[in-house]
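Written below as C-alpha cells is the structure these notes are about.
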Amino acid sequence: MNFLRLPFLVKLTLVVISIIGLGYLLTLGQSILAPFFLAFLMAMLFLPAATFMERRLRFPRSISTMTSVFVMLAILSGIIYFFGSQLSDFSKDLPHLRDQMTTVFNNLQHWISKTFNVKIDEQLDYINQGLNKLLSSSGVILGFTFGIFSSGFGFIVFFTLFFIFILNYRRILNNFIVTVFNERHKTSVQEVVNEIRVMTKKYIFGLCLQVLIVSILCSIVLTVLGVKYAILLAVLTGLLNVIPYLGICISLLISCFIAFATGTPSTCIYVAIGYIAIHVVDGNIVLPFVVGSKVKINALFSFIGIILGEHLWGIAGMFLCIPAIAIIKIIFERVDGLKPWGKLLGEEEKPNKKKKTYKISKNITLKEMD
C-alpha cells in the first residue's frame with residue numbers, strides 16, 4: 001500500500017495515532033530513553049576527539065572510548081563540585097537571608113499601610129510565614145537545584161554506560177541504520193545519518209559556547225551590581241538559558257529574588273534590566289551565530305516542544321526537546337510523504353527577490369531589483 005496515495009483524512013489519522021503511540025512509549029521508557037538520548041548527543045560531541053585518537057594517535061577503540069569517558073566525567077564532576085560548594089555556602093546564609101527578607105517585607109508593610117491606609121497585616125503575615133518556611137527548608141532549595149541537572153544517581157549511571165556503548169559500537173550502529181532500509185534508499189539514509197551527526201555536533205558545541213558567553217555576561221552584570229552569589233547565579237542562568245524562552249525567565253526570577261533579599265529593591269530592578277539586556281544580546285547576536293544557524297526551528301514548535309518535553313520527561317525533556325525536534329525535522333525533510341511536516345517545523349523561507357533585466361545595447365544590461 002502506497003502511503004502517498006491514501007486520502008488525506010486517512011493519512012492524518014495514521015499520523016495522529018502514530019504520534020499518540022510514540023508519546024505513550026516515550027513516557028513509559030523515560031528512565032531509559034532520556035539518558036540514552038543525552039548520551040547520544042554527548043557521544044556526537046566527543047566523536048571527533050575519539051576519531052582523532054584512533055587515527056592519529058593509533059589508540060584502540062576501547063582506549064579512545066574510555067579516555068573520552070574520563071574527560072566527560074571530569075567535566076561533570078567539576079560542575080557538580082562547583083555547585084555543591086556554592087550551595088553549601090548559600091545554605092549557611094539561609095538564616096540571615098530569612099531575617100533580611102522578613103525585615104524587607106515588614107518595611108514594605110509599614111510603607112503600604114502609611115501611604116495607602118490599607119490594613120494588610122494579615123496578608124503580609126501570611127506571606128512572611130510562607131517565606132520563612134521556604135527559606136528555612138534548605139533541602140527544598142538544594143533538591144530543586146540539583147534536580148535541574150539530573151534525575152538521580154541511576155540517570156548518571158545509565159548515561160555513562162550508554163555513552164560508552166554508543167562510542168564503542170558506533171560503526172555497528174551506523175551500518176545497521178544504513179543496511180536496514182532498502183538498497184535503493186541506502187544513499188539517502190547515509191546522507192540523513194551524516195547530516196544528523198554533523199548537526200548534533202555543531203549544535204552541542206554552539207550550545208556550550210552560548211552557555212559560556214551568557215554566564216560571563218551575567219557574572220559581569222551581577223558583580224558590578226554587587227549581588228551576592230554572582231558566580232553561582234551566572235552559571236545557573238547560563239545553564240537554564242538552554243531551555244528556550246522559559247529558562248531566562250526562571251533565572252531572572254531567582255536572581256531578582258536573591259538580589260531583593262540580600263540588597264535593596266533598586267538592585268533588584270537593575271538586575272532585571274541587566275538580564276533583559278543580556279537576553280536581547282543573546283537572542284539577536286549570540287544565538288543566531290553560534291546556535292541558530294545549526295538548528296532552524298520556529299518559535300511556535302520550540303515552545304510546544306518544551307511543554308511536551310516537560311510533560312514526557314520532566315526537566316530533562318525541556319533540555320533535550322530542541323535537538324530532538326531538529327533530528328525529526330531532518331528525517332522528515334528526507335521522506336517524501338513527510339516533507340510538509342518538516343517545513344512546518346522549520347522557519348519561514350524568505351522569498352527570493354527576482355531580478356529584472358533590461359537590454360540597453362548588445363553588450364550592456366541594467367539589472368534592477370524588485
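Chain labels A, B, ... are given in the sequence in which chains occur in the C-alpha cells; within each chain residues are numbered consecutively from 1, and ligands are likewise numbered from 1 in the order shown.
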Per-residue nearest contacts region 131-240 of chain A to region 35-48 of chain A, cut-off 10 Å, using only C-alpha atoms, as a Markdown table:
| residue | atom | partner | partner_atom | distance |
| --- | --- | --- | --- | --- |
| A:Ser150 | CA | A:Pro35 | CA | 9.5 |
| A:Ser151 | CA | A:Pro35 | CA | 9.6 |
| A:Gly154 | CA | A:Pro35 | CA | 9.4 |
| A:Phe155 | CA | A:Pro35 | CA | 6.1 |
| A:Ile156 | CA | A:Pro35 | CA | 7.5 |
| A:Val157 | CA | A:Pro35 | CA | 8.8 |
| A:Phe158 | CA | A:Pro35 | CA | 6.1 |
| A:Phe159 | CA | A:Pro35 | CA | 4.6 |
| A:Thr160 | CA | A:Ala39 | CA | 7.1 |
| A:Leu161 | CA | A:Ala39 | CA | 8.4 |
| A:Phe162 | CA | A:Phe36 | CA | 5.8 |
| A:Phe163 | CA | A:Ala39 | CA | 4.7 |
| A:Ile164 | CA | A:Ala43 | CA | 8.3 |
| A:Phe165 | CA | A:Ala39 | CA | 9.4 |
| A:Ile166 | CA | A:Ala43 | CA | 6.8 |
| A:Leu167 | CA | A:Ala43 | CA | 6.0 |
| A:Asn168 | CA | A:Ala43 | CA | 9.8 |
| A:Arg170 | CA | A:Ala43 | CA | 9.3 |
| A:Ile196 | CA | A:Met44 | CA | 9.4 |
| A:Arg197 | CA | A:Met44 | CA | 6.3 |
| A:Val198 | CA | A:Met44 | CA | 8.1 |
| A:Met199 | CA | A:Met44 | CA | 9.3 |
| A:Thr200 | CA | A:Met44 | CA | 6.4 |
| A:Lys201 | CA | A:Leu45 | CA | 4.8 |
| A:Lys202 | CA | A:Leu45 | CA | 7.9 |
| A:Tyr203 | CA | A:Leu45 | CA | 8.9 |
| A:Ile204 | CA | A:Leu45 | CA | 6.5 |
| A:Phe205 | CA | A:Leu45 | CA | 7.0 |
Spatial neighbours of region 307-316 of chain A, 12 Å, only C-alpha atoms, chain gap at least 4 places, as a VMD selection string:
chain A and resid 19 to 20 22 to 38 144 to 152 155 240 242 to 247 300 to 303 320 to 325
Show which residues sit within 9 Å of region 339-347 of chain A, as a list in words. Count only C-alpha atoms, and ignore same-chain residues fewer than 3 positions away.
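Using only C-alpha atoms, the neighbours found are Val295, Lys296, Ile297, Asn298, Ala299, Leu300, Phe301, Ser302, Ile325, Ala326, Ile328, Lys329, Ile330, Ile331, Phe332, Glu333, Arg334, Val335 and Asp336 of chain A.
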Quick one: of A:Val211, A:Leu6, A:Cys249, A:Ile177, who's nearest to Ala234 (chain A), counting only C-alpha atoms?
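Ranked by minimum distance to Ala234 (chain A), first place goes to A:Val211.
Interatomic distance, CA of Ser215 (chain A) against CA of Tyr275 (chain A): 11.2 Å.
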Rank nothing, just name the residue among A:Thr223, A:Ser91, A:Asn284, A:Ser188 nearest to Ala259 (chain A), using only C-alpha atoms.
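Looking only at the distances to Ala259 (chain A), the closest residue turns out to be A:Thr223.
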Out of region 132-322 of chain A, which residues get alpha helix (DSSP H) from DSSP, as a PyMOL selection string?
chain A and resi 132-136+138-149+153-168+170-179+186-225+230-240+246-262+265-281+287+299-313+315-322
Written selection (C-alpha atoms) as a short mmCIF file (atom, residue, chain, number, x, y, z; two decimals), in the first residue's frame:
data_model
loop_
_atom_site.label_atom_id
_atom_site.label_comp_id
_atom_site.auth_asym_id
_atom_site.auth_seq_id
_atom_site.Cartn_x
_atom_site.Cartn_y
_atom_site.Cartn_z
CA ASN A 132 10.07 31.68 56.44
CA LYS A 133 9.02 28.10 55.76
CA LEU A 134 10.55 28.20 52.30
CA LEU A 135 13.86 29.72 53.39
CA SER A 136 14.13 27.54 56.49
CA SER A 138 17.37 24.30 52.69
CA GLY A 139 16.67 20.80 51.42
CA VAL A 140 13.89 22.11 49.17
CA ILE A 141 16.18 24.66 47.53
CA LEU A 142 19.11 22.27 47.19
CA GLY A 143 16.88 19.47 45.90
CA PHE A 144 15.27 21.74 43.30
CA THR A 145 18.64 22.97 42.02
CA PHE A 146 20.17 19.50 41.81
CA GLY A 147 17.01 18.22 40.16
CA ILE A 148 17.64 20.61 37.26
CA PHE A 149 20.79 18.77 36.23
CA PHE A 153 22.30 8.51 40.56
CA GLY A 154 20.62 5.99 38.26
CA PHE A 155 20.34 8.59 35.50
CA ILE A 156 24.10 9.27 35.64
CA VAL A 157 24.92 5.54 35.63
CA PHE A 158 22.71 4.81 32.60
CA PHE A 159 24.00 7.93 30.84
CA THR A 160 27.65 6.85 31.32
CA LEU A 161 27.01 3.29 30.15
CA PHE A 162 25.11 4.43 27.06
CA PHE A 163 27.87 6.92 26.28
CA ILE A 164 30.46 4.12 26.35
CA PHE A 165 28.38 1.76 24.22
CA ILE A 166 27.48 4.36 21.59
CA LEU A 167 31.09 5.47 21.13
CA ASN A 168 32.47 1.93 21.18
CA ARG A 170 29.19 3.45 16.63
CA ARG A 171 30.28 1.68 13.44
CA ILE A 172 27.91 -1.24 14.08
CA LEU A 173 25.04 1.14 14.82
CA ASN A 174 25.75 3.17 11.68
CA ASN A 175 25.90 0.06 9.47
CA PHE A 176 22.66 -1.24 10.95
CA ILE A 177 20.79 2.00 10.30
CA VAL A 178 22.05 2.13 6.71
CA THR A 179 21.52 -1.54 5.81
CA LYS A 186 20.97 3.49 1.03
CA THR A 187 22.43 6.77 -0.24
CA SER A 188 19.62 8.88 1.20
CA VAL A 189 19.79 7.12 4.56
CA GLN A 190 23.55 7.65 4.76
CA GLU A 191 23.06 11.34 3.95
CA VAL A 192 20.50 11.65 6.75
CA VAL A 193 22.80 9.91 9.23
CA ASN A 194 25.74 12.15 8.30
CA GLU A 195 23.60 15.29 8.45
CA ILE A 196 22.26 14.36 11.90
CA ARG A 197 25.77 13.65 13.15
CA VAL A 198 27.16 16.96 11.88
CA MET A 199 24.14 18.96 13.08
CA THR A 200 24.26 17.40 16.54
CA LYS A 201 27.97 18.03 16.96
CA LYS A 202 27.72 21.66 15.86
CA TYR A 203 24.58 22.27 17.90
CA ILE A 204 26.03 20.90 21.16
CA PHE A 205 29.27 22.83 20.64
CA GLY A 206 27.35 26.02 19.89
CA LEU A 207 25.16 25.44 22.94
CA CYS A 208 28.19 25.08 25.21
CA LEU A 209 29.62 28.29 23.75
CA GLN A 210 26.31 30.07 24.35
CA VAL A 211 26.23 28.88 27.99
CA LEU A 212 29.77 30.21 28.47
CA ILE A 213 29.03 33.62 26.92
CA VAL A 214 25.77 34.12 28.85
CA SER A 215 27.43 33.04 32.11
CA ILE A 216 30.26 35.54 31.61
CA LEU A 217 27.86 38.39 30.77
CA CYS A 218 25.66 37.62 33.78
CA SER A 219 28.64 37.36 36.13
CA ILE A 220 29.87 40.78 34.97
CA VAL A 221 26.44 42.39 35.46
CA LEU A 222 25.81 40.79 38.87
CA THR A 223 29.32 41.54 40.12
CA VAL A 224 29.10 45.20 39.10
CA LEU A 225 25.73 45.48 40.87
CA ALA A 230 27.07 36.36 41.49
CA ILE A 231 29.09 33.45 40.04
CA LEU A 232 26.54 30.84 41.16
CA LEU A 233 23.63 32.80 39.70
CA ALA A 234 25.54 33.50 36.48
CA VAL A 235 26.38 29.83 35.83
CA LEU A 236 22.83 28.82 36.76
CA THR A 237 21.49 31.40 34.30
CA GLY A 238 23.77 30.11 31.54
CA LEU A 239 22.60 26.53 32.04
CA LEU A 240 18.92 27.43 32.34
CA LEU A 246 11.39 29.76 29.84
CA GLY A 247 14.95 29.35 31.09
CA ILE A 248 15.81 33.05 31.11
CA CYS A 249 12.52 33.85 32.90
CA ILE A 250 13.20 31.30 35.65
CA SER A 251 16.77 32.53 36.16
CA LEU A 252 15.55 36.14 36.18
CA LEU A 253 13.09 35.40 38.98
CA ILE A 254 15.74 33.56 41.02
CA SER A 255 18.34 36.31 40.58
CA CYS A 256 15.86 39.07 41.38
CA PHE A 257 14.74 37.19 44.48
CA ILE A 258 18.34 36.87 45.74
CA ALA A 259 19.11 40.49 44.85
CA PHE A 260 15.98 41.67 46.65
CA ALA A 261 16.74 39.55 49.72
CA THR A 262 20.44 40.45 50.02
CA PRO A 265 14.75 46.94 45.84
CA SER A 266 16.62 49.19 43.42
CA THR A 267 19.27 46.48 42.96
CA CYS A 268 16.50 44.06 42.03
CA ILE A 269 15.29 46.47 39.34
CA TYR A 270 18.82 46.89 37.96
CA VAL A 271 19.24 43.12 37.84
CA ALA A 272 16.00 42.78 35.86
CA ILE A 273 17.15 45.47 33.41
CA GLY A 274 20.56 43.79 33.07
CA TYR A 275 19.02 40.39 32.39
CA ILE A 276 16.70 41.85 29.76
CA ALA A 277 19.72 43.45 28.05
CA ILE A 278 21.64 40.16 28.16
CA HIS A 279 18.62 38.34 26.70
CA VAL A 280 18.45 40.87 23.85
CA VAL A 281 22.17 40.41 23.12
CA LEU A 287 22.08 32.79 19.30
CA ALA A 299 9.45 29.63 17.85
CA LEU A 300 5.97 28.06 17.92
CA PHE A 301 7.14 24.46 17.78
CA SER A 302 10.12 25.23 20.03
CA PHE A 303 7.67 26.31 22.72
CA ILE A 304 5.36 23.34 22.06
CA GLY A 305 8.39 21.05 22.23
CA ILE A 306 9.36 22.47 25.63
CA ILE A 307 5.87 21.82 27.02
CA LEU A 308 5.72 18.29 25.60
CA GLY A 309 9.29 17.55 26.72
CA GLU A 310 8.49 18.60 30.28
CA HIS A 311 5.30 16.53 30.23
CA LEU A 312 7.06 13.41 28.93
CA TRP A 313 10.50 13.53 30.59
CA ILE A 315 13.21 18.81 33.34
CA ALA A 316 15.46 16.57 31.21
CA GLY A 317 12.86 16.74 28.42
CA MET A 318 12.94 20.55 28.45
CA PHE A 319 16.69 20.46 27.77
CA LEU A 320 16.54 17.70 25.14
CA CYS A 321 13.46 18.78 23.18
CA ILE A 322 15.14 21.18 20.71
#
